[in-house]
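Below is one structure, written out as structure tokens, with a few remarks after it.
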Amino acid sequence: MMLEIINSCLCNSLHHNPNLVYSLLYKRELFEQFRSHPSFQDIMQNLDTVIGFFSQRLEQAGSDLSVERVQEVIMKGAQALPKDRLKMRARFEE
């Protein structure tokens with residue numbers, strides 16, 4: 001259920017959720033356990049897209065970034081990420 005909520009936030013209101021993106025980047029290893037599960041493939045693809053996109057932006061911004069600078073990069077990146085790169089699930093599964 002939480003993965004569905006995260007996916008919905010990423011697909012529908014990414015620019016309003018910079019703290020979510022920050023947390024996803026910070027705790028990205030928590031999602032590894034879902035990577036091979038067939039029911040979560042589309043959600044994991046979206047998570048990988050978001051994590052990869054923002055990781056690349058942060059790498060380009062340099063090293064030793066402050067929390068404030070990381071959040072700034074995330075907020076600017078959220079405006080730049082093409083919405084068609086994320087796929088909303090067609091239906092909820094239990």
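Going by the structure tokens order, chains are called A, B, ..., each with residues numbered from 1, while ligands are numbered from 1 in the order shown.
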Can you pull out the residues contacting Ile6 (chain A)? Cut-off 12 Å, using only C-alpha atoms, and skip same-chain residues under 2 positions away; I want them as a list in words.
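Listed by chain and then number, they are Met1, Met2, Leu3, Glu4, Ser8, Cys9, Leu10, Cys11, Asn12, Ser13, Leu14, Asn17, Asn19, Leu20, Val21, Ser23, Leu24, Phe31, Ile43, Met44, Asn46, Leu47, Val50, Met88 and Arg89 of chain A.
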Between CA of Arg28 (chain A) and CA of Ile51 (chain A), what is the distance, to one decimal in Å?
7.7 Å
Quick one: pull the distance between CA of Arg85 (chain A) and CA of Phe40 (chain A), Å, one decimal.
16.9 Å
Nearest to Leu58 (chain A) among A:Leu86, A:His16, A:Tyr22, A:Gln41, with distances taken over only C-alpha atoms: which residue is it?
A:Tyr22
If DSSP is run on the backbone, what residues of chain A are helix (DSSP H, G or I)? A reply as number ranges by chain would be ideal.
A: 2-16, 18-26, 28-34, 38-61, 67-80, 83-85
Between CA of Asp48 (chain A) and CA of Glu29 (chain A), measure the distance and give it in Å to one decimal.
11.3 Å
Residue nearest Lys83 (chain A) - candidates A:Asp42, A:Thr49, A:Gln56, A:Arg35, atoms counted: only C-alpha atoms:
A:Thr49
From the list A:Pro38, A:Gln60, A:Ile5, A:His15, which residue is nearest Leu81 (chain A) when using only C-alpha atoms?
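Looking only at the distances to Leu81 (chain A), the closest residue turns out to be A:His15.
Closest to Lys76 (chain A) among A:Tyr26, A:Ser63, A:Ser36, A:Arg57 is A:Arg57, based on only C-alpha atoms.
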